[in-house]
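Raw work.txt, compact mmCIF, C-alpha atoms:
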# COMPACT_ATOMS: atom_id res chain seq x y z
CA GLY A 117 -25.10 -41.65 25.16
CA THR A 118 -26.66 -40.24 28.32
CA ARG A 119 -28.09 -42.84 30.66
CA GLY A 120 -30.95 -42.50 33.12
CA PHE A 121 -33.01 -44.90 35.26
CA LEU A 122 -36.74 -45.00 35.85
CA HIS A 123 -37.98 -46.88 38.92
CA HIS A 124 -41.40 -48.30 38.04
CA ILE A 125 -43.57 -49.76 40.81
CA ALA A 126 -46.74 -51.76 40.02
CA GLN A 127 -48.99 -53.73 42.34
CA SER A 128 -51.02 -56.69 41.11
CA ALA A 129 -53.02 -59.26 43.14
CA GLY A 130 -51.47 -58.24 46.43
CA GLN A 131 -47.95 -58.55 45.11
CA ILE A 132 -45.57 -55.70 44.54
CA ASP A 133 -43.83 -55.80 41.16
CA ARG A 134 -40.63 -53.81 40.99
CA THR A 135 -39.22 -53.32 37.51
CA LEU A 136 -36.22 -51.19 36.61
CA PHE A 137 -36.24 -49.61 33.19
CA CYS A 138 -32.97 -48.40 31.60
CA SER A 139 -33.50 -45.23 29.54
CA PHE A 140 -31.10 -44.03 26.82
CA VAL A 141 -30.94 -40.62 25.11
CA LYS A 142 -29.26 -40.10 21.75
CA THR A 143 -26.36 -37.62 21.95
CA TYR A 144 -24.28 -35.93 19.28
CA THR A 145 -20.77 -34.57 19.05
CA GLY A 146 -20.08 -30.93 18.29
CA THR A 147 -16.49 -30.17 17.23
CA LEU A 148 -15.07 -26.64 17.41
CA LEU A 149 -12.40 -25.48 15.00
CA ILE A 150 -10.50 -22.17 15.13
CA GLN A 151 -9.29 -20.58 11.90
CA GLY A 152 -6.93 -17.62 12.28
CA GLN A 153 -5.77 -16.03 15.51
CA GLY A 154 -8.28 -15.78 18.34
CA ASN A 155 -9.79 -17.43 21.42
CA VAL A 156 -13.03 -19.40 21.77
CA THR A 157 -14.96 -20.34 24.89
CA LEU A 158 -17.75 -22.86 25.31
CA SER A 159 -20.18 -22.02 28.13
CA GLY A 160 -17.46 -19.73 29.51
CA GLU A 161 -14.70 -22.36 29.40
CA PRO A 162 -11.80 -21.94 26.97
CA VAL A 163 -11.50 -24.51 24.19
CA LYS A 164 -8.70 -25.33 21.79
CA ASP A 165 -8.86 -25.94 18.06
CA GLY A 166 -10.38 -29.39 17.55
CA ASP A 167 -12.01 -29.74 20.99
CA SER A 168 -15.45 -31.38 21.03
CA VAL A 169 -18.50 -31.52 23.25
CA THR A 170 -21.31 -34.09 23.59
CA LEU A 171 -24.87 -32.75 23.71
CA LYS A 172 -28.42 -33.88 23.18
CA ALA A 173 -30.35 -32.58 20.18
CA GLY A 174 -31.98 -29.29 21.09
CA GLU A 175 -29.48 -28.36 23.78
CA LEU A 176 -27.79 -24.98 23.54
CA LEU A 177 -24.22 -24.63 22.39
CA SER A 178 -23.11 -21.31 23.93
CA VAL A 179 -19.87 -20.05 22.34
CA THR A 180 -17.88 -16.82 22.42
CA ALA A 181 -15.17 -15.70 19.98
CA THR A 182 -12.53 -13.12 20.89
CA PRO A 183 -10.03 -12.07 18.18
CA ALA A 184 -6.32 -11.72 18.94
CA GLU A 185 -4.61 -8.36 18.48
CA GLY A 186 -4.36 -7.48 14.81
CA TYR A 187 -7.28 -9.75 13.90
CA THR A 188 -11.04 -9.36 13.60
CA PHE A 189 -13.80 -11.93 14.02
CA LYS A 190 -15.36 -12.79 10.66
CA GLY A 191 -18.07 -15.26 11.72
CA TRP A 192 -19.22 -18.76 12.63
CA TYR A 193 -19.44 -21.41 9.94
CA GLN A 194 -20.67 -24.99 9.80
CA ARG A 195 -18.34 -27.33 7.96
CA LYS A 196 -19.83 -30.29 6.15
CA ASP A 197 -18.26 -32.39 3.42
CA GLY A 198 -15.40 -29.90 3.17
CA GLN A 199 -17.72 -26.93 2.59
CA ASP A 200 -18.24 -24.05 5.05
CA THR A 201 -21.73 -22.58 5.40
CA PHE A 202 -22.12 -19.20 7.13
CA LEU A 203 -24.11 -19.29 10.38
CA ASP A 204 -23.67 -15.98 12.20
CA ASP A 205 -21.26 -13.07 12.68
CA ILE A 206 -22.26 -12.36 16.29
CA PRO A 207 -19.27 -13.19 18.53
CA ASN A 208 -21.38 -14.85 21.28
CA PRO A 209 -24.41 -16.65 19.82
CA ASN A 210 -26.32 -19.67 21.12
CA PHE A 211 -26.53 -22.54 18.65
CA ILE A 212 -29.07 -25.35 19.02
CA MET A 213 -27.51 -28.80 18.76
CA PRO A 214 -28.92 -30.55 15.69
CA GLN A 215 -29.82 -34.23 15.43
CA THR A 216 -26.43 -35.01 13.96
CA ASP A 217 -22.77 -34.56 14.67
CA CYS A 218 -21.55 -31.17 13.56
CA VAL A 219 -18.39 -29.11 13.08
CA ILE A 220 -18.48 -25.41 13.96
CA VAL A 221 -15.67 -23.13 12.74
CA ALA A 222 -14.76 -19.78 14.30
CA VAL A 223 -13.06 -17.70 11.60
CA PHE A 224 -10.70 -14.84 12.44
CA GLU A 225 -9.14 -12.62 9.78
CA GLU A 226 -6.01 -10.54 9.97
CA ILE A 227 -6.74 -6.82 9.85
CA LEU A 228 -5.06 -5.65 6.66
CA SER A 229 -3.60 -2.18 6.45
CA MET A 230 -1.81 0.09 4.00
CA THR A 231 -0.38 3.58 4.27
CA VAL A 232 -0.78 6.06 1.42
CA LYS A 233 1.48 9.09 1.50
CA VAL A 234 3.20 11.72 -0.60
CA GLU A 235 6.91 11.52 -1.28
CA ASP A 236 7.38 15.13 -0.16
CA GLN A 237 4.61 17.05 1.60
CA THR A 238 5.90 20.34 0.21
CA LYS A 239 5.11 19.16 -3.33
CA GLY A 240 1.53 17.95 -3.09
CA TYR A 241 -1.19 16.14 -1.16
CA ILE A 242 -3.70 13.29 -1.49
CA LYS A 243 -7.49 13.21 -1.68
CA VAL A 244 -9.42 10.05 -0.81
CA GLN A 245 -12.83 9.64 -2.40
CA GLY A 246 -15.55 9.60 0.23
CA VAL A 247 -13.30 11.04 2.93
CA ASN A 248 -13.33 14.74 3.79
CA GLY A 249 -10.09 16.66 3.83
CA THR A 250 -6.69 16.35 2.22
CA PHE A 251 -3.80 14.22 3.42
CA THR A 252 -0.05 13.91 3.17
CA SER A 253 -0.42 10.48 4.81
CA TYR A 254 -3.52 8.29 5.07
CA ASP A 255 -3.98 4.83 6.65
CA MET A 256 -6.30 2.29 5.03
CA GLU A 257 -7.59 -0.63 7.07
CA GLY A 258 -9.80 -3.59 6.19
CA LYS A 259 -9.63 -6.40 3.64
CA GLY A 260 -11.31 -5.63 0.34
CA ILE A 261 -11.49 -1.90 1.01
CA THR A 262 -11.15 0.03 -2.25
CA ALA A 263 -9.95 3.62 -2.10
CA PRO A 264 -9.97 5.85 -5.18
CA LEU A 265 -7.02 8.17 -4.59
CA THR A 266 -6.11 11.44 -6.28
CA ALA A 267 -2.67 13.03 -6.02
CA VAL A 268 -2.82 16.83 -6.23
CA PRO A 269 0.36 18.87 -6.84
CA VAL A 270 0.95 22.31 -5.39
CA GLU A 271 1.90 25.22 -7.62
CA GLY A 272 5.18 24.64 -9.43
CA TYR A 273 4.85 20.86 -9.46
CA GLU A 274 2.98 18.18 -11.35
CA PHE A 275 2.09 14.58 -10.49
CA HIS A 276 4.68 12.05 -11.63
CA TYR A 277 3.71 8.50 -10.61
CA TRP A 278 2.40 6.12 -7.94
CA THR A 279 4.86 3.59 -6.54
CA VAL A 280 5.36 1.23 -3.61
CA GLU A 281 7.85 2.57 -1.11
CA GLY A 282 11.19 0.80 -1.25
CA THR A 283 10.70 -0.40 -4.82
CA GLN A 284 11.21 1.03 -8.30
CA ASN A 285 7.89 -0.28 -9.54
CA ILE A 286 5.68 2.37 -11.14
CA LEU A 287 2.06 1.40 -10.51
CA SER A 288 0.42 4.22 -12.44
CA VAL A 289 1.23 7.56 -14.03
CA ASP A 290 -2.38 8.73 -13.67
CA ALA A 291 -2.98 11.11 -10.77
CA THR A 292 -6.22 9.27 -9.92
CA TYR A 293 -5.50 5.70 -8.86
CA SER A 294 -7.81 3.13 -7.28
CA VAL A 295 -6.26 0.58 -4.92
CA THR A 296 -7.96 -2.41 -3.28
CA LEU A 297 -6.46 -3.61 -0.02
CA ASN A 298 -5.69 -7.34 -0.10
CA ASN A 299 -3.22 -9.94 1.18
CA VAL A 300 -0.70 -9.01 -1.51
CA ASN A 301 -0.34 -5.31 -0.74
CA HIS A 302 -0.94 -5.65 3.02
CA ASN A 303 1.58 -3.75 5.19
CA THR A 304 2.94 -1.75 2.26
CA THR A 305 3.21 1.99 1.73
CA LEU A 306 1.86 3.55 -1.46
CA VAL A 307 3.67 6.73 -2.47
CA ALA A 308 2.62 9.60 -4.73
CA ALA A 309 5.63 11.22 -6.37
CA PHE A 310 5.67 14.73 -7.83
CA ARG A 311 8.16 16.52 -10.06
CA PRO A 312 8.96 20.21 -10.41
CA ILE A 313 7.94 22.27 -13.42
CA LEU A 314 11.09 24.11 -14.46
CA PRO A 315 11.90 26.95 -16.85
CA LEU A 316 13.65 26.02 -20.06
CA THR A 317 15.45 28.67 -22.09
CA ILE A 318 17.41 28.03 -25.29
CA ARG A 319 19.25 30.86 -27.01
CA THR A 320 21.14 30.63 -30.27
CA THR A 321 24.24 32.43 -31.40
CA GLU A 322 24.37 34.27 -34.69
CA GLY A 323 23.85 32.03 -37.67
CA GLY A 324 20.91 29.87 -36.67
CA ARG A 325 17.58 29.35 -35.00
CA VAL A 326 15.96 26.61 -32.99
CA THR A 327 12.60 24.86 -32.57
CA VAL A 328 11.53 22.89 -29.49
CA ASP A 329 8.87 20.21 -29.84
CA GLY A 330 7.67 21.84 -33.05
CA SER A 331 7.54 25.41 -31.77
CA PRO A 332 8.08 28.23 -34.31
CA LEU A 333 11.67 28.78 -35.37
CA SER A 334 13.29 31.45 -33.24
CA ASP A 335 16.66 32.55 -31.99
CA THR A 336 15.29 32.23 -28.43
CA TYR A 337 12.95 29.64 -26.92
CA SER A 338 11.43 30.13 -23.47
CA GLY A 339 9.03 27.70 -21.82
CA LYS A 340 8.43 25.36 -18.88
CA LEU A 341 8.77 21.59 -18.62
CA ALA A 342 8.49 19.12 -15.78
CA SER A 343 11.68 17.36 -14.79
CA TYR A 344 12.29 13.96 -16.46
CA THR A 345 10.15 15.06 -19.42
CA GLU A 346 11.56 14.26 -22.86
CA PHE A 347 11.69 17.09 -25.38
CA THR A 348 13.09 17.53 -28.85
CA VAL A 349 15.40 20.35 -29.92
CA THR A 350 15.95 20.92 -33.62
CA PRO A 351 18.75 23.38 -34.54
CA VAL A 352 18.44 24.99 -37.98
CA ALA A 353 21.56 26.69 -39.33
CA ASP A 354 21.36 29.71 -41.63
CA GLU A 355 23.00 29.56 -45.00
CA GLY A 356 26.75 29.63 -44.62
CA TYR A 357 26.63 28.41 -41.01
CA SER A 358 26.75 24.97 -39.40
CA PHE A 359 25.56 23.72 -36.01
CA VAL A 360 28.45 23.35 -33.53
CA GLY A 361 26.78 22.00 -30.41
CA LEU A 362 24.33 22.51 -27.59
CA TYR A 363 25.75 23.92 -24.36
CA THR A 364 24.72 24.73 -20.82
CA VAL A 365 26.33 27.53 -18.86
CA GLY A 366 27.54 26.67 -15.36
CA ALA A 367 27.58 28.84 -12.27
CA ASP A 368 31.07 29.95 -13.24
CA GLY A 369 29.76 31.26 -16.57
CA LYS A 370 31.71 28.73 -18.60
CA PRO A 371 29.94 26.74 -21.32
CA ASP A 372 29.60 22.98 -20.98
CA LYS A 373 28.79 21.05 -24.13
CA ILE A 374 26.04 18.48 -23.67
CA VAL A 375 25.35 17.64 -27.32
CA SER A 376 27.83 17.42 -30.16
CA PRO A 377 26.95 18.36 -33.74
CA ALA A 378 24.19 16.19 -35.14
CA ASP A 379 21.82 16.24 -38.04
CA GLY A 380 18.12 16.73 -37.32
CA ALA A 381 16.27 16.64 -34.02
CA ILE A 382 18.00 16.10 -30.68
CA LEU A 383 16.10 14.22 -27.98
CA LEU A 384 16.79 15.48 -24.46
CA VAL A 385 15.40 14.83 -20.97
CA MET A 386 14.63 17.70 -18.64
CA PRO A 387 16.87 17.34 -15.55
CA GLU A 388 15.88 17.86 -11.91
CA ASP A 389 17.29 21.38 -12.11
CA ALA A 390 16.52 23.90 -14.83
CA TYR A 391 18.87 24.30 -17.77
Would you mind writing the structure in this file as structure tokens?
Amino acid sequence: GTRGFLHHIAQSAGQIDRTLFCSFVKTYTGTLLIQGQGNVTLSGEPVKDGDSVTLKAGELLSVTATPAEGYTFKGWYQRKDGQDTFLDDIPNPNFIMPQTDCVIVAVFEEILSMTVKVEDQTKGYIKVQGVNGTFTSYDMEGKGITAPLTAVPVEGYEFHYWTVEGTQNILSVDATYSVTLNNVNHNTTLVAAFRPILPLTIRTTEGGRVTVDGSPLSDTYSGKLASYTEFTVTPVADEGYSFVGLYTVGADGKPDKIVSPADGAILLVMPEDAY
């Protein structure tokens, strides 16, 4: 503890009595811990994780927390019996030393970030709820931040899916998607993918008609479908005729069979380019 001396002088019956009294003051230990990346000073002097100071009860414990680059200061906590109790989120408070040993923890958190963008800015854009404007790329920052996102296609396209850049994982096929920034998706890029809406024309030769996804029977079907969309073609032969096959016509004008004769409906997938 802290020691002091009191010189007491008393005079009795012509004699001088000199008595020395030894005075003791109870002191306590304050230990400073640093969690995360940052610097802490005590009364202006830098301290390391685990450093301690001895003070009397009631004395001020002046501390300052400065986060490292890429981190933010979360707050001061008192640790007791393995549990942390929040004290303050001011970087430079003055704490009063209690009548007990104590452990003070400075907590720094990494600043989490995520980029949200469109796969191709000519195909669509992104809206972020609560934020004015439209974006082809938007940066989110801050742990626990939730951003409701909406992918909006331009004319001639439709929304396809949300994915994480560099992966083949489809997160959602809904244009509106809510993402919460956390330690798992930190430093990732969320991508909105769009697909073109393409014309689809099917003509029949003499001797039959066709229906597409239940459309009325006709010798010619004309419509629009987004690429990668499944659709069903059902050829119906007239009496005395039989279905030979389904063909595309190349740039050279020559037919290219894509489906051989089959009974009933034919399931196809719209390609990236129109048939």
To one decimal in Å, tell me the separation between atom CA of Gly166 of chain A and atom CA of Gln194 of chain A.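 Atom CA of Gly166 of chain A sits 13.6 Å away from atom CA of Gln194 of chain A.
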Selected residue of minimal separation from Asn210 of chain A among A:Gln237, A:Ser334, A:Ser159, A:Thr345, counting only C-alpha atoms: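 Result for the nearest residue to Asn210 of chain A: A:Ser159.
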Please return as a ChimeraX atom specification every residue within 7 Å of (-16.4, -21.2, 11.1), taking into account all atoms listed in the file and the file's own coordinates. /A:191-194,200,220-223
Can I get the selection written as a PDB file, in the coordinates of the input, with C-alpha atoms?
ATOM      1  CA  GLY A 191     -18.070 -15.260  11.720  1.00  0.00           C
ATOM      2  CA  TRP A 192     -19.220 -18.760  12.630  1.00  0.00           C
ATOM      3  CA  TYR A 193     -19.440 -21.410   9.940  1.00  0.00           C
ATOM      4  CA  GLN A 194     -20.670 -24.990   9.800  1.00  0.00           C
ATOM      5  CA  ASP A 200     -18.240 -24.050   5.050  1.00  0.00           C
ATOM      6  CA  ILE A 220     -18.480 -25.410  13.960  1.00  0.00           C
ATOM      7  CA  VAL A 221     -15.670 -23.130  12.740  1.00  0.00           C
ATOM      8  CA  ALA A 222     -14.760 -19.780  14.300  1.00  0.00           C
ATOM      9  CA  VAL A 223     -13.060 -17.700  11.600  1.00  0.00           C
TER      10      VAL A 223
END
Distance atom CA of His302 of chain A-atom CA of Thr188 of chain A, one decimal place? 15.1 Å
In Å, with one decimal, what is the gap from atom CA of Ala263 of chain A to atom CA of Arg311 of chain A? 23.6 Å
Which neighbours of Thr147 of chain A fall inside 12 Å, counting only C-alpha atoms, when residues of the same chain fewer than 3 positions from it are skipped, and could you give them as a JSON list (two decimals) with C-alpha atoms, in the frame of the given file?
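And here's out32.json as it stands now:
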[["chain", "number", "residue", "atom", "x", "y", "z"],
["A", 144, "TYR", "CA", -24.28, -35.93, 19.28],
["A", 150, "ILE", "CA", -10.50, -22.17, 15.13],
["A", 158, "LEU", "CA", -17.75, -22.86, 25.31],
["A", 163, "VAL", "CA", -11.50, -24.51, 24.19],
["A", 164, "LYS", "CA", -8.70, -25.33, 21.79],
["A", 165, "ASP", "CA", -8.86, -25.94, 18.06],
["A", 166, "GLY", "CA", -10.38, -29.39, 17.55],
["A", 167, "ASP", "CA", -12.01, -29.74, 20.99],
["A", 168, "SER", "CA", -15.45, -31.38, 21.03],
["A", 169, "VAL", "CA", -18.50, -31.52, 23.25],
["A", 170, "THR", "CA", -21.31, -34.09, 23.59],
["A", 171, "LEU", "CA", -24.87, -32.75, 23.71],
["A", 177, "LEU", "CA", -24.22, -24.63, 22.39],
["A", 179, "VAL", "CA", -19.87, -20.05, 22.34],
["A", 193, "TYR", "CA", -19.44, -21.41, 9.94],
["A", 194, "GLN", "CA", -20.67, -24.99, 9.80],
["A", 195, "ARG", "CA", -18.34, -27.33, 7.96],
["A", 196, "LYS", "CA", -19.83, -30.29, 6.15],
["A", 213, "MET", "CA", -27.51, -28.80, 18.76],
["A", 216, "THR", "CA", -26.43, -35.01, 13.96],
["A", 217, "ASP", "CA", -22.77, -34.56, 14.67],
["A", 218, "CYS", "CA", -21.55, -31.17, 13.56],
["A", 219, "VAL", "CA", -18.39, -29.11, 13.08],
["A", 220, "ILE", "CA", -18.48, -25.41, 13.96],
["A", 221, "VAL", "CA", -15.67, -23.13, 12.74],
["A", 222, "ALA", "CA", -14.76, -19.78, 14.30]]
Set the distance at 10 Å and use only C-alpha atoms: which residues neighbour Asp335 of chain A once local chain neighbours fewer than 5 positions away are removed? I'd like the list as a PDB file with C-alpha atoms, in the frame of the given file.
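Contents of the output file part_27.pdb:
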ATOM      1  CA  ILE A 318      17.410  28.030 -25.290  1.00  0.00           C
ATOM      2  CA  ARG A 319      19.250  30.860 -27.010  1.00  0.00           C
ATOM      3  CA  THR A 320      21.140  30.630 -30.270  1.00  0.00           C
ATOM      4  CA  THR A 321      24.240  32.430 -31.400  1.00  0.00           C
ATOM      5  CA  GLU A 322      24.370  34.270 -34.690  1.00  0.00           C
ATOM      6  CA  GLY A 323      23.850  32.030 -37.670  1.00  0.00           C
ATOM      7  CA  GLY A 324      20.910  29.870 -36.670  1.00  0.00           C
ATOM      8  CA  ARG A 325      17.580  29.350 -35.000  1.00  0.00           C
ATOM      9  CA  VAL A 326      15.960  26.610 -32.990  1.00  0.00           C
ATOM     10  CA  THR A 327      12.600  24.860 -32.570  1.00  0.00           C
ATOM     11  CA  PRO A 351      18.750  23.380 -34.540  1.00  0.00           C
ATOM     12  CA  VAL A 352      18.440  24.990 -37.980  1.00  0.00           C
TER      13      VAL A 352
END
Distance query Val307 of chain A at most 9 Å, all atoms listed in the file, self and fewer than 6 positions along chain excluded, as number ranges by chain: A: 231-235, 277-281
Write out, as a JSON list (two decimals), in the frame of the given file, the residues just selected, with C-alpha atoms.
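What follows is the written file again.json:
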[["chain", "number", "residue", "atom", "x", "y", "z"],
["A", 231, "THR", "CA", -0.38, 3.58, 4.27],
["A", 232, "VAL", "CA", -0.78, 6.06, 1.42],
["A", 233, "LYS", "CA", 1.48, 9.09, 1.50],
["A", 234, "VAL", "CA", 3.20, 11.72, -0.60],
["A", 235, "GLU", "CA", 6.91, 11.52, -1.28],
["A", 277, "TYR", "CA", 3.71, 8.50, -10.61],
["A", 278, "TRP", "CA", 2.40, 6.12, -7.94],
["A", 279, "THR", "CA", 4.86, 3.59, -6.54],
["A", 280, "VAL", "CA", 5.36, 1.23, -3.61],
["A", 281, "GLU", "CA", 7.85, 2.57, -1.11]]
Could you check which of A:Glu355, A:Val156, A:Thr252, A:Glu225 is closest to Pro209 of chain A, using all atoms listed in the file? A:Val156
Among A:Thr201, A:Ser331, A:Lys340, A:Val295, Gly260 of chain A is approached most closely, using all atoms listed in the file, by A:Val295
Got a sec: who's within 8 Å of Ile382 of chain A, counting only C-alpha atoms, leaving out chain neighbours fewer than 5 positions off, as an MDAnalysis selection string? chainID A and resid 348:350
Could you check which of A:Pro371, A:Asn301, A:Pro312, A:Phe359 is closest to Asp389 of chain A, using all atoms listed in the file? A:Pro312
Residues near Ile313 of chain A, cut-off 6 Å, only C-alpha atoms, skip fewer than 5 positions along chain, as a ChimeraX atom specification: /A:272-273,341-342
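Distance check against Val244 of chain A using all atoms listed in the file: of A:Gln284, A:Asn208, A:Gln215, A:Thr292, the minimum falls on A:Thr292.
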For a cut-off of 7 Å around (-4.9, 10.4, -11.4), file coordinates, pick out all residues using all atoms listed in the file and list them as a ChimeraX atom specification. /A:266-267,290-293
